[in-house]
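This is entry-v4.cif (mmCIF, C-alpha atoms).
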```
data_start
loop_
_atom_site.label_atom_id
_atom_site.label_comp_id
_atom_site.auth_asym_id
_atom_site.auth_seq_id
_atom_site.Cartn_x
_atom_site.Cartn_y
_atom_site.Cartn_z
CA MET A 1 0.00 0.00 0.00
CA ASP A 2 1.12 3.54 -0.73
CA ALA A 3 1.29 6.23 1.91
CA LEU A 4 -1.64 8.64 2.12
CA SER A 5 -1.41 12.20 0.85
CA TRP A 6 -2.14 15.05 3.25
CA GLY A 7 -5.57 15.50 1.68
CA GLN A 8 -6.39 11.84 2.29
CA ILE A 9 -5.04 12.06 5.85
CA PHE A 10 -7.27 15.03 6.73
CA GLY A 11 -10.21 13.37 5.00
CA ARG A 12 -9.81 10.17 7.03
CA MET A 13 -9.34 12.09 10.27
CA ALA A 14 -12.48 14.13 9.56
CA TRP A 15 -14.38 10.88 9.05
CA GLN A 16 -13.01 9.41 12.30
CA PHE A 17 -14.38 12.46 14.14
CA TRP A 18 -17.92 12.06 12.73
CA PRO A 19 -19.51 11.50 16.21
CA VAL A 20 -17.93 14.77 17.35
CA TRP A 21 -19.28 16.71 14.36
CA ALA A 22 -22.76 15.25 14.91
CA ALA A 23 -22.70 16.12 18.62
CA LEU A 24 -21.47 19.66 17.92
CA ILE A 25 -24.16 20.29 15.31
CA LEU A 26 -26.87 19.01 17.64
CA THR A 27 -25.54 21.06 20.58
CA PHE A 28 -25.37 24.29 18.60
CA ALA A 29 -28.75 23.73 16.93
CA VAL A 30 -30.58 23.12 20.22
CA SER A 31 -28.74 25.92 22.02
CA VAL A 32 -29.46 28.52 19.32
CA ARG A 33 -33.11 27.47 19.25
CA PHE A 34 -33.58 27.98 23.00
CA LYS A 35 -30.81 30.50 23.73
CA ARG A 36 -33.16 33.12 25.18
CA ARG A 37 -34.16 30.64 27.88
CA LEU A 38 -30.63 29.56 28.80
CA GLY A 39 -29.40 32.58 30.76
CA LEU A 40 -25.73 33.47 30.48
CA TYR A 41 -25.02 30.36 28.41
CA GLY A 42 -27.63 31.42 25.87
CA LYS A 43 -26.21 34.95 25.72
CA LEU A 44 -22.84 33.40 24.85
CA TYR A 45 -24.19 32.75 21.35
CA ASP A 46 -24.30 36.53 20.78
CA SER A 47 -20.50 36.64 21.15
CA PRO A 48 -18.51 35.33 18.14
CA VAL A 49 -15.40 34.98 20.30
CA GLY A 50 -17.32 33.01 22.93
CA MET A 51 -18.86 30.72 20.31
CA ILE A 52 -15.46 29.91 18.81
CA GLY A 53 -14.08 29.16 22.25
CA PHE A 54 -17.09 27.05 23.19
CA GLY A 55 -16.79 25.12 19.93
CA LEU A 56 -13.11 24.33 20.57
CA VAL A 57 -13.78 23.22 24.13
CA MET A 58 -16.76 21.06 23.21
CA PHE A 59 -14.77 19.51 20.34
CA TRP A 60 -12.35 18.05 22.88
CA VAL A 61 -15.11 17.17 25.34
CA PHE A 62 -16.93 15.15 22.69
CA THR A 63 -13.61 13.70 21.50
CA ALA A 64 -13.04 12.36 25.01
CA LEU A 65 -16.60 10.99 25.21
CA PHE A 66 -16.39 9.22 21.84
CA SER A 67 -12.69 8.32 22.05
CA GLY A 68 -13.39 4.59 21.70
CA VAL A 69 -15.03 5.17 18.31
CA ILE A 70 -12.52 7.74 17.08
CA MET A 71 -9.26 5.92 17.84
CA THR A 72 -7.91 3.75 15.04
CA HIS A 73 -5.44 1.79 17.23
CA ASP A 74 -4.83 0.98 20.86
CA PRO A 75 -2.81 3.96 22.18
CA LEU A 76 -0.46 1.65 24.14
CA THR A 77 0.08 -1.02 21.47
CA GLN A 78 3.44 -1.12 19.69
CA VAL A 79 3.26 -2.29 16.07
CA SER A 80 6.33 -3.80 14.44
CA GLY A 81 7.82 -1.70 11.67
CA MET A 82 5.94 1.50 12.65
CA LYS A 83 8.62 3.14 14.82
CA ASN A 84 8.77 6.87 13.92
CA ALA A 85 6.52 6.17 10.92
CA LEU A 86 5.60 9.28 8.96
CA PRO A 87 1.97 10.53 8.82
CA GLY A 88 -0.20 8.43 6.50
CA PHE A 89 2.18 5.46 6.61
CA PRO A 90 0.42 2.10 5.98
CA GLN A 91 0.55 -0.55 8.68
CA LYS A 92 2.44 -3.59 7.50
CA GLY A 93 0.47 -6.81 7.33
CA THR A 94 -2.94 -5.13 7.83
CA GLU A 95 -4.89 -4.11 4.76
CA GLY A 96 -6.37 -0.60 4.92
CA ALA A 97 -4.79 0.30 8.28
CA TYR A 98 -2.75 3.48 8.53
CA TYR A 99 -1.03 5.56 11.17
CA LEU A 100 -2.84 8.75 10.21
CA LEU A 101 -0.47 11.06 12.10
CA GLY A 102 2.49 8.73 12.14
CA GLY A 103 4.14 6.66 14.86
CA ASP A 104 6.24 7.64 17.87
CA ASN A 105 9.63 6.30 18.95
CA LEU A 106 7.94 3.23 20.47
CA ALA A 107 5.87 2.48 17.33
CA ARG A 108 2.56 3.66 18.84
CA ASP A 109 -0.09 5.53 16.84
CA VAL A 110 0.24 9.29 17.44
CA PHE A 111 -3.36 10.00 16.35
CA SER A 112 -4.84 7.49 18.81
CA ARG A 113 -2.61 8.73 21.62
CA MET A 114 -3.73 12.30 20.95
CA VAL A 115 -7.38 11.22 21.24
CA ALA A 116 -6.71 9.12 24.36
CA GLY A 117 -4.86 12.05 25.93
CA SER A 118 -8.00 14.16 25.73
CA VAL A 119 -9.77 11.64 27.98
CA LEU A 120 -7.27 12.22 30.80
CA VAL A 121 -7.51 15.99 30.47
CA ILE A 122 -11.34 16.06 30.40
CA GLN A 123 -11.52 13.65 33.34
CA ILE A 124 -9.10 15.48 35.61
CA ALA A 125 -9.04 19.21 34.76
CA PRO A 126 -12.76 20.14 35.15
CA MET A 127 -13.34 17.98 38.24
CA ALA A 128 -10.15 19.16 39.93
CA THR A 129 -11.22 22.74 39.23
CA VAL A 130 -14.70 22.06 40.69
CA PHE A 131 -13.14 20.67 43.87
CA ALA A 132 -10.75 23.63 44.10
CA PHE A 133 -13.73 25.98 43.79
CA MET A 134 -15.61 24.09 46.51
CA VAL A 135 -12.65 24.53 48.85
CA GLY A 136 -12.08 28.17 47.87
CA ILE A 137 -15.75 29.17 48.12
CA THR A 138 -16.38 27.37 51.43
CA LEU A 139 -13.39 29.10 53.06
CA GLY A 140 -13.45 32.39 51.12
CA LEU A 141 -17.05 33.30 51.98
CA PRO A 142 -16.65 33.35 55.79
CA ALA A 143 -13.17 34.86 55.56
CA GLY A 144 -14.45 37.85 53.60
CA TYR A 145 -17.75 38.16 55.45
CA TYR A 146 -16.54 37.86 59.05
CA GLY A 147 -13.00 39.25 58.67
CA GLY A 148 -10.94 39.46 61.82
CA LYS A 149 -8.80 36.58 63.05
CA LEU A 150 -10.57 34.04 60.82
CA ASP A 151 -9.69 36.06 57.74
CA THR A 152 -6.13 36.60 58.94
CA GLY A 153 -5.56 32.91 59.66
CA LEU A 154 -7.05 31.59 56.42
CA SER A 155 -5.32 34.25 54.33
CA PHE A 156 -1.99 33.34 55.95
CA LEU A 157 -2.47 29.65 55.07
CA ALA A 158 -3.42 30.54 51.49
CA ASN A 159 -0.39 32.82 51.10
CA LEU A 160 1.85 30.14 52.61
CA ILE A 161 0.81 27.64 49.93
CA LEU A 162 1.03 30.23 47.15
CA ALA A 163 4.57 31.15 48.28
CA PHE A 164 5.84 27.77 47.05
CA PRO A 165 6.82 27.54 43.37
CA VAL A 166 4.12 25.45 41.70
CA ILE A 167 6.46 22.97 40.00
CA LEU A 168 8.44 22.44 43.22
CA LEU A 169 5.22 21.86 45.15
CA PHE A 170 4.05 19.34 42.56
CA TYR A 171 7.41 17.63 42.62
CA LEU A 172 7.28 17.28 46.41
CA LEU A 173 3.75 15.85 46.36
CA VAL A 174 4.38 13.22 43.68
CA THR A 175 7.87 11.99 44.58
CA PRO A 176 7.86 8.28 45.56
CA GLU A 177 8.96 8.93 49.15
CA ILE A 178 6.12 11.41 49.77
CA VAL A 179 3.61 9.13 48.01
CA GLN A 180 4.64 6.15 50.17
CA SER A 181 4.12 8.25 53.29
CA GLY A 182 0.47 8.71 52.26
CA LEU A 183 0.65 12.53 52.52
CA PRO A 184 -1.19 13.26 49.21
CA GLN A 185 -4.04 10.96 50.25
CA TYR A 186 -4.24 12.53 53.70
CA ILE A 187 -4.47 15.93 52.04
CA GLY A 188 -7.26 14.48 49.90
CA VAL A 189 -9.07 13.34 53.05
CA VAL A 190 -9.37 17.01 54.05
CA LEU A 191 -9.91 18.61 50.64
CA PHE A 192 -12.57 16.16 49.45
CA LEU A 193 -14.69 16.91 52.53
CA PHE A 194 -15.40 20.45 51.33
CA PRO A 195 -18.02 19.57 48.67
CA LEU A 196 -19.98 17.70 51.36
CA ILE A 197 -19.63 20.62 53.78
CA PHE A 198 -20.66 23.11 51.09
CA LEU A 199 -23.78 21.16 50.07
CA THR A 200 -24.81 20.55 53.69
CA VAL A 201 -24.49 24.23 54.62
CA LEU A 202 -26.22 25.27 51.37
CA ILE A 203 -29.26 23.06 52.08
CA ASN A 204 -29.42 23.95 55.78
CA SER A 205 -29.26 27.70 55.15
CA ARG A 206 -32.06 27.55 52.59
CA LEU A 207 -34.42 25.04 54.20
CA TYR A 208 -33.96 25.72 57.91
CA VAL A 209 -37.67 26.62 58.10
CA LYS A 210 -38.59 23.21 56.62
CA PRO A 211 -36.78 20.80 58.95
CA ALA A 212 -38.29 17.60 57.54
CA LEU A 213 -37.21 18.33 53.96
CA ARG A 214 -33.88 19.69 55.16
CA ASN A 215 -33.10 16.57 57.18
CA LEU A 216 -34.02 14.34 54.22
CA LEU A 217 -31.75 16.19 51.79
CA VAL A 218 -28.89 16.45 54.29
CA GLY A 219 -29.21 12.72 54.92
CA LEU A 220 -29.02 11.98 51.18
CA VAL A 221 -25.93 14.18 50.88
CA ALA A 222 -24.34 12.38 53.83
CA VAL A 223 -25.09 8.88 52.52
CA ILE A 224 -24.52 9.30 48.78
CA GLY A 225 -21.81 11.94 49.16
CA GLY A 226 -20.06 9.95 51.86
CA TRP A 227 -20.02 6.85 49.66
CA LEU A 228 -18.58 8.81 46.73
CA TYR A 229 -16.09 10.45 49.11
CA LEU A 230 -14.82 7.07 50.30
CA SER A 231 -14.81 5.72 46.74
CA LEU A 232 -12.68 8.61 45.54
CA LEU A 233 -10.14 8.21 48.33
CA SER A 234 -10.02 4.43 48.49
CA SER A 235 -7.20 2.98 46.41
CA PRO A 236 -6.09 -0.70 46.67
CA GLY A 237 -2.55 -1.20 47.92
CA THR A 238 -2.28 2.23 49.55
CA ARG A 239 -2.58 3.50 53.11
CA ILE A 240 -6.24 4.38 52.50
CA ASP A 241 -8.02 1.25 51.26
CA LEU A 242 -11.47 1.75 52.74
CA LEU A 243 -13.92 -0.02 50.44
CA PRO A 244 -14.08 -3.47 48.84
CA PRO A 245 -13.76 -3.45 45.04
CA GLN A 246 -17.47 -4.22 44.63
CA ALA A 247 -18.47 -1.03 46.46
CA ASP A 248 -15.85 1.24 44.91
CA ALA A 249 -17.85 3.38 42.47
CA LEU A 250 -14.96 5.64 41.42
CA GLU A 251 -12.00 3.50 40.50
CA MET A 252 -9.26 6.10 40.18
CA PRO A 253 -5.69 4.76 39.82
CA GLY A 254 -3.37 5.79 42.63
CA ASN A 255 -1.13 7.96 40.43
CA ILE A 256 -4.11 9.80 38.93
CA LEU A 257 -5.52 10.41 42.44
CA ILE A 258 -2.22 11.92 43.54
CA VAL A 259 -2.17 14.26 40.54
CA PHE A 260 -5.83 15.16 41.19
CA VAL A 261 -5.14 16.02 44.84
CA SER A 262 -2.05 18.02 43.89
CA VAL A 263 -3.98 20.12 41.35
CA VAL A 264 -6.79 20.84 43.85
CA PHE A 265 -4.28 21.72 46.57
CA VAL A 266 -2.45 24.19 44.33
CA ASN A 267 -5.56 25.86 42.86
CA ALA A 268 -7.71 26.18 46.00
CA PRO A 269 -5.75 29.08 47.62
CA THR A 270 -6.06 31.22 44.48
CA VAL A 271 -9.81 30.61 44.32
CA PHE A 272 -10.01 31.46 48.04
CA ARG A 273 -8.37 34.84 47.46
CA ILE A 274 -10.69 35.66 44.55
CA VAL A 275 -13.82 34.73 46.52
CA ARG A 276 -12.62 36.62 49.59
CA GLY A 277 -12.00 39.76 47.52
CA LEU A 278 -15.44 39.57 45.92
CA VAL A 279 -17.13 39.11 49.30
CA LEU A 280 -15.30 42.12 50.78
CA ASP A 281 -16.80 44.24 47.99
CA ILE A 282 -20.31 42.77 47.79
CA LYS A 283 -21.01 42.63 51.53
CA THR A 284 -21.21 46.43 51.60
CA ARG A 285 -24.13 46.50 49.13
CA ASP A 286 -27.62 47.59 50.15
CA TYR A 287 -29.29 44.24 49.46
CA VAL A 288 -26.91 42.57 51.94
CA ALA A 289 -27.85 45.14 54.56
CA ALA A 290 -31.53 44.50 53.79
CA SER A 291 -31.03 40.76 54.36
CA GLN A 292 -29.33 41.44 57.66
CA THR A 293 -32.25 43.71 58.65
CA ARG A 294 -34.72 40.89 57.85
CA GLY A 295 -32.83 38.71 60.31
CA GLU A 296 -31.35 36.27 57.80
CA GLY A 297 -28.48 34.11 59.05
CA PRO A 298 -24.87 34.73 57.97
CA TRP A 299 -24.62 31.59 55.82
CA TYR A 300 -27.91 32.38 54.08
CA ILE A 301 -26.59 35.84 53.22
CA MET A 302 -23.25 34.45 52.05
CA LEU A 303 -24.67 31.62 49.92
CA TRP A 304 -27.93 33.09 48.64
CA GLU A 305 -27.24 36.83 48.48
CA ILE A 306 -23.49 37.35 48.00
CA LEU A 307 -22.45 34.24 46.05
CA PRO A 308 -25.06 34.58 43.23
CA ASN A 309 -23.95 38.18 42.69
CA ALA A 310 -20.34 37.04 42.38
CA ARG A 311 -21.14 34.38 39.78
CA GLY A 312 -19.92 36.40 36.75
CA PRO A 313 -16.25 36.72 37.79
CA LEU A 314 -16.29 33.20 39.23
CA ILE A 315 -17.61 31.61 36.03
CA VAL A 316 -14.97 33.43 33.99
CA ASP A 317 -12.23 32.37 36.41
CA PHE A 318 -13.53 28.80 36.35
CA CYS A 319 -13.01 28.60 32.58
CA LEU A 320 -9.56 30.17 32.83
CA ARG A 321 -8.61 27.90 35.71
CA ILE A 322 -9.48 24.77 33.72
CA GLY A 323 -7.00 26.08 31.15
CA TYR A 324 -4.35 26.61 33.82
CA THR A 325 -5.03 23.13 35.15
CA THR A 326 -4.69 21.67 31.65
CA ILE A 327 -1.29 23.34 31.33
CA LEU A 328 -0.28 22.06 34.78
CA LEU A 329 -1.26 18.52 33.81
CA GLY A 330 0.78 18.87 30.62
CA THR A 331 3.72 20.16 32.66
CA LEU A 332 3.48 17.24 35.07
CA GLY A 333 3.41 14.78 32.21
CA PHE A 334 6.30 16.52 30.46
CA PHE A 335 8.50 16.20 33.53
CA GLY A 336 7.29 12.66 34.22
CA LEU A 337 5.77 13.54 37.59
CA GLY A 338 2.86 11.48 38.91
CA LEU A 339 1.59 9.96 35.67
CA SER A 340 2.88 6.60 34.44
CA PRO A 341 5.56 6.68 31.70
CA GLU A 342 3.34 4.95 29.11
CA SER A 343 0.44 7.33 29.78
CA PRO A 344 -1.01 8.87 26.58
CA ASP A 345 -1.47 12.26 28.25
CA TRP A 346 -0.32 15.14 26.09
CA GLY A 347 2.54 16.24 28.34
CA SER A 348 4.15 12.78 28.40
CA THR A 349 3.68 12.43 24.64
CA ILE A 350 5.34 15.80 24.00
CA ASN A 351 8.24 14.82 26.25
CA ALA A 352 8.70 11.49 24.45
CA GLY A 353 8.59 13.18 21.03
CA ARG A 354 10.97 16.04 21.80
CA ARG A 355 13.99 13.72 21.93
CA LEU A 356 13.89 13.25 18.15
CA LEU A 357 12.33 16.62 17.36
CA SER A 358 15.04 17.62 14.89
CA ILE A 359 14.34 14.49 12.80
CA PHE A 360 10.67 13.61 13.40
CA VAL A 361 8.41 16.54 14.23
CA HIS A 362 4.99 14.86 14.30
CA PRO A 363 5.17 12.88 17.60
CA ALA A 364 5.63 16.11 19.60
CA ILE A 365 3.81 18.70 17.50
CA VAL A 366 0.47 16.84 17.38
CA PRO A 367 -0.16 16.71 21.18
CA ALA A 368 1.29 20.23 21.52
CA LEU A 369 -1.28 21.57 19.04
CA ALA A 370 -4.06 19.65 20.82
CA LEU A 371 -3.05 21.17 24.17
CA MET A 372 -2.79 24.64 22.65
CA SER A 373 -6.21 24.42 20.97
CA LEU A 374 -7.99 23.35 24.18
CA VAL A 375 -6.39 26.11 26.28
CA LEU A 376 -7.10 28.65 23.51
CA GLY A 377 -10.74 27.55 23.46
CA LEU A 378 -11.03 27.95 27.24
CA ASN A 379 -9.50 31.43 27.11
CA LEU A 380 -11.81 32.53 24.28
CA LEU A 381 -14.79 31.05 26.15
CA ALA A 382 -13.81 33.01 29.25
CA ASP A 383 -13.54 36.21 27.18
CA GLY A 384 -17.00 35.62 25.71
CA LEU A 385 -18.51 34.97 29.13
CA ARG A 386 -16.83 38.09 30.50
CA GLU A 387 -18.28 40.23 27.70
CA GLU A 388 -21.80 38.93 28.22
CA SER A 389 -21.68 39.06 32.03
CA LEU A 390 -20.69 42.76 31.88
CA LYS A 391 -23.85 43.48 29.90
CA ASP A 392 -26.10 42.35 32.76
#
```

Written as structure tokens, that's how I'd like the structure from this file.
Amino acid sequence: MDALSWGQIFGRMAWQFWPVWAALILTFAVSVRFKRRLGLYGKLYDSPVGMIGFGLVMFWVFTALFSGVIMTHDPLTQVSGMKNALPGFPQKGTEGAYYLLGGDNLARDVFSRMVAGSVLVIQIAPMATVFAFMVGITLGLPAGYYGGKLDTGLSFLANLILAFPVILLFYLLVTPEIVQSGLPQYIGVVLFLFPLIFLTVLINSRLYVKPALRNLLVGLVAVIGGWLYLSLLSSPGTRIDLLPPQADALEMPGNILIVFVSVVFVNAPTVFRIVRGLVLDIKTRDYVAASQTRGEGPWYIMLWEILPNARGPLIVDFCLRIGYTTILLGTLGFFGLGLSPESPDWGSTINAGRRLLSIFVHPAIVPALALMSLVLGLNLLADGLREESLKD
């Protein structure tokens, strides 16, 4: 078989991504149809920059969701004779099989590894950012609202963490000696409690006048949330092995859990400072004073008066922070910290490809472009959201 031309390569790749194109068309069609009912998300469709960013982000989200259909080869399988194969090179012994974007130095398909790498990013970056926001919001609200010694103490802890260089902090958390001590998991024990605390306080502050409904919802949060909490922390063969395999709903490999905890730990102090600053400004508004006059409790005012009015900057920062987290994950993979060496994450793939960059460009440039496009999409999405939120 002859090698494919660039036109044939792009044509075959476009066909491999057909589930993504179908999902994007459906998403945009439904969203445009009902955009006036969708709040800030609907207004995003009035911003060309925001739509481009949203399209780029959703491309990679759908790529991760449909990765099993899109990939042409197993991302970890080494095929004889395909080491450093050029893009469009036919696979020997298999009729009609090609390495669309070439092979890497271990004879693995670059295209399939790029697609598989998106799965890791989409799994870790948004959820780690959500957890960081739960920690930052839960601590930032009372720090800004009450002030005093509580604010001083929490701000000192946040500044202490932020004083460490990020890469050095990551390196310390994922080194084998620190991992064996169980420190990252113990940090996770504390950090992963904050979503449960946030939801419990949120329900209690809203439904304190309806104790029966409040107790029911708090009980559900405690039971379901507690089970998910233990499932997330429990990892066989580690210091925290709390659940049997049959009851472990979230099977996260130990190295991925360590990276997840590290990302949350690094991002939470920055979110805390943003939330604290917003609360210091908003708590002086008249509607906050009116709530205090009505006799509303502090947590009701913080969660149902202040937090909704801070949503614009927080939504924008959330999008930007997913981009920062994506870059951090790429950096970790590039330096071989936390993730396994054979991992198809984009950082590890770039690191493996850079060693022969002067001879074979494709193994490193493909994941680099994928990483760049996702972060660009998140930044454009944040710009679009910022424009529309300022119009309110």

Work out where the centre of an axis-aligned box around every listed atom of region 218-233 of chain A lies and how long its edges are once 4 Å is added on each side; give both in Å to one decimal as AutoDock Vina command-line options.
```
--center_x -19.7 --center_y 11.1 --center_z 50.2 --size_x 27.1 --size_y 18.7 --size_z 17.4
```

(request) Do a neighbour search on Leu337 (chain A) at 12 Å with only C-alpha atoms, toss out local chain neighbours closer than 6 positions, and write the hits as a ChimeraX atom specification. (result) /A:167-176,179,255-256,258-259,262,328-331,343,345,347-348,351

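Using all atoms listed in the file, the shortest contact distance between Leu44 (chain A) and any of A:Ala382, A:Leu233, A:Ala222, A:Ile124 is found at A:Ala382.
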
Tell me, counting all atoms listed in the file, for each residue of region 98-160 of chain A within 9 Å of region 54-69 of chain A, which pair of atoms is nearest and how far apart they are in Å to one decimal, in rows ordered by chain and increasing number, as a tab-separated table.
```
residue	atom	partner	partner_atom	distance
A:Ser112	CA	A:Ser67	CA	8.5
A:Val115	CA	A:Ser67	CA	6.1
A:Ala116	CA	A:Ser67	CA	6.5
A:Gly117	CA	A:Ala64	CA	8.2
A:Ser118	CA	A:Ala64	CA	5.4
A:Val119	CA	A:Ala64	CA	4.5
A:Leu120	CA	A:Ala64	CA	8.2
A:Val121	CA	A:Ala64	CA	8.6
A:Ile122	CA	A:Val61	CA	6.4
A:Gln123	CA	A:Ala64	CA	8.6
```

(message) Please report the interatomic distance between CA of Leu196 (chain A) and CA of Phe131 (chain A) in Å with one decimal.
(response) 10.6 Å

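Minimum atom-to-atom distances from A:Met13, A:Val361, A:Leu139, A:Leu369 to Pro269 (chain A) were compared using all atoms listed in the file, and the lowest value belongs to A:Leu139.
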
(request) Please write the residues picked by the PyMOL selection byres ((chain A and resi 304) around 12) on this file as a PyMOL selection string. (result) chain A and resi 141+201-207+287-288+291+296-303+305-311

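Within the 10 Å cut-off around Val375 (chain A), using only C-alpha atoms and omitting residues fewer than 3 positions from it on the same chain, the listed residues are A:Gly53, A:Leu56, A:Val57, A:Cys319, A:Leu320, A:Arg321, A:Ile322, A:Gly323, A:Tyr324, A:Thr325, A:Thr326, A:Ile327, A:Leu369, A:Ala370, A:Leu371, A:Met372, A:Leu378, A:Asn379, A:Leu380, A:Leu381.
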
Mind writing the picked residues with C-alpha atoms as a compact mmCIF listing (two decimals), keeping the file's coordinate frame?
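Printed below is result.txt as written:
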```txt
# COMPACT_ATOMS: atom_id res chain seq x y z
CA GLY A 53 -14.08 29.16 22.25
CA LEU A 56 -13.11 24.33 20.57
CA VAL A 57 -13.78 23.22 24.13
CA CYS A 319 -13.01 28.60 32.58
CA LEU A 320 -9.56 30.17 32.83
CA ARG A 321 -8.61 27.90 35.71
CA ILE A 322 -9.48 24.77 33.72
CA GLY A 323 -7.00 26.08 31.15
CA TYR A 324 -4.35 26.61 33.82
CA THR A 325 -5.03 23.13 35.15
CA THR A 326 -4.69 21.67 31.65
CA ILE A 327 -1.29 23.34 31.33
CA LEU A 369 -1.28 21.57 19.04
CA ALA A 370 -4.06 19.65 20.82
CA LEU A 371 -3.05 21.17 24.17
CA MET A 372 -2.79 24.64 22.65
CA LEU A 378 -11.03 27.95 27.24
CA ASN A 379 -9.50 31.43 27.11
CA LEU A 380 -11.81 32.53 24.28
CA LEU A 381 -14.79 31.05 26.15
```

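For Asn105 (chain A), the list of residues within 7 Å, based on all atoms listed in the file and with local chain neighbours fewer than 2 positions off taken out, reads Lys83, Asn84, Gly103 and Ala107 of chain A.
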
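Those residues returned by the PyMOL selection byres ((chain A and resi 143) around 10) for this file are Ile137, Thr138, Leu139, Gly140, Leu141, Pro142, Gly144, Tyr145, Tyr146, Gly147, Gly148, Lys149, Leu150, Asp151, Thr152, Gly153, Leu154, Ser155, Phe272, Arg273, Val275, Arg276, Gly277, Val279 and Leu280 of chain A.
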
(message) Residues within 8 Å of region 189-195 of chain A, please, as a VMD selection string. Count only C-alpha atoms; anything in the same chain fewer than 3 positions from it doesn't count.
(response) chain A and resid 131 134 to 135 138 185 to 186 198 to 199 229 233 261 264 to 265

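Between Ala368 (chain A) and the residues A:Val218, A:Leu356, A:Met114, A:Ala163, the shortest atom-to-atom distance, using all atoms listed in the file, involves A:Met114.
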
(request) Point out the residue among A:Leu38, A:Val49, A:Ala128, A:Ala3 with the least atom-to-atom distance to Gly96 (chain A), counting only C-alpha atoms. (result) A:Ala3

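Residue nearest Val166 (chain A), chosen from A:Val263, A:Leu101, A:Ile197, A:Leu24 and counting all atoms listed in the file: A:Val263.
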
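CA of Asp109 (chain A) sits 13.3 Å away from CA of Lys92 (chain A).
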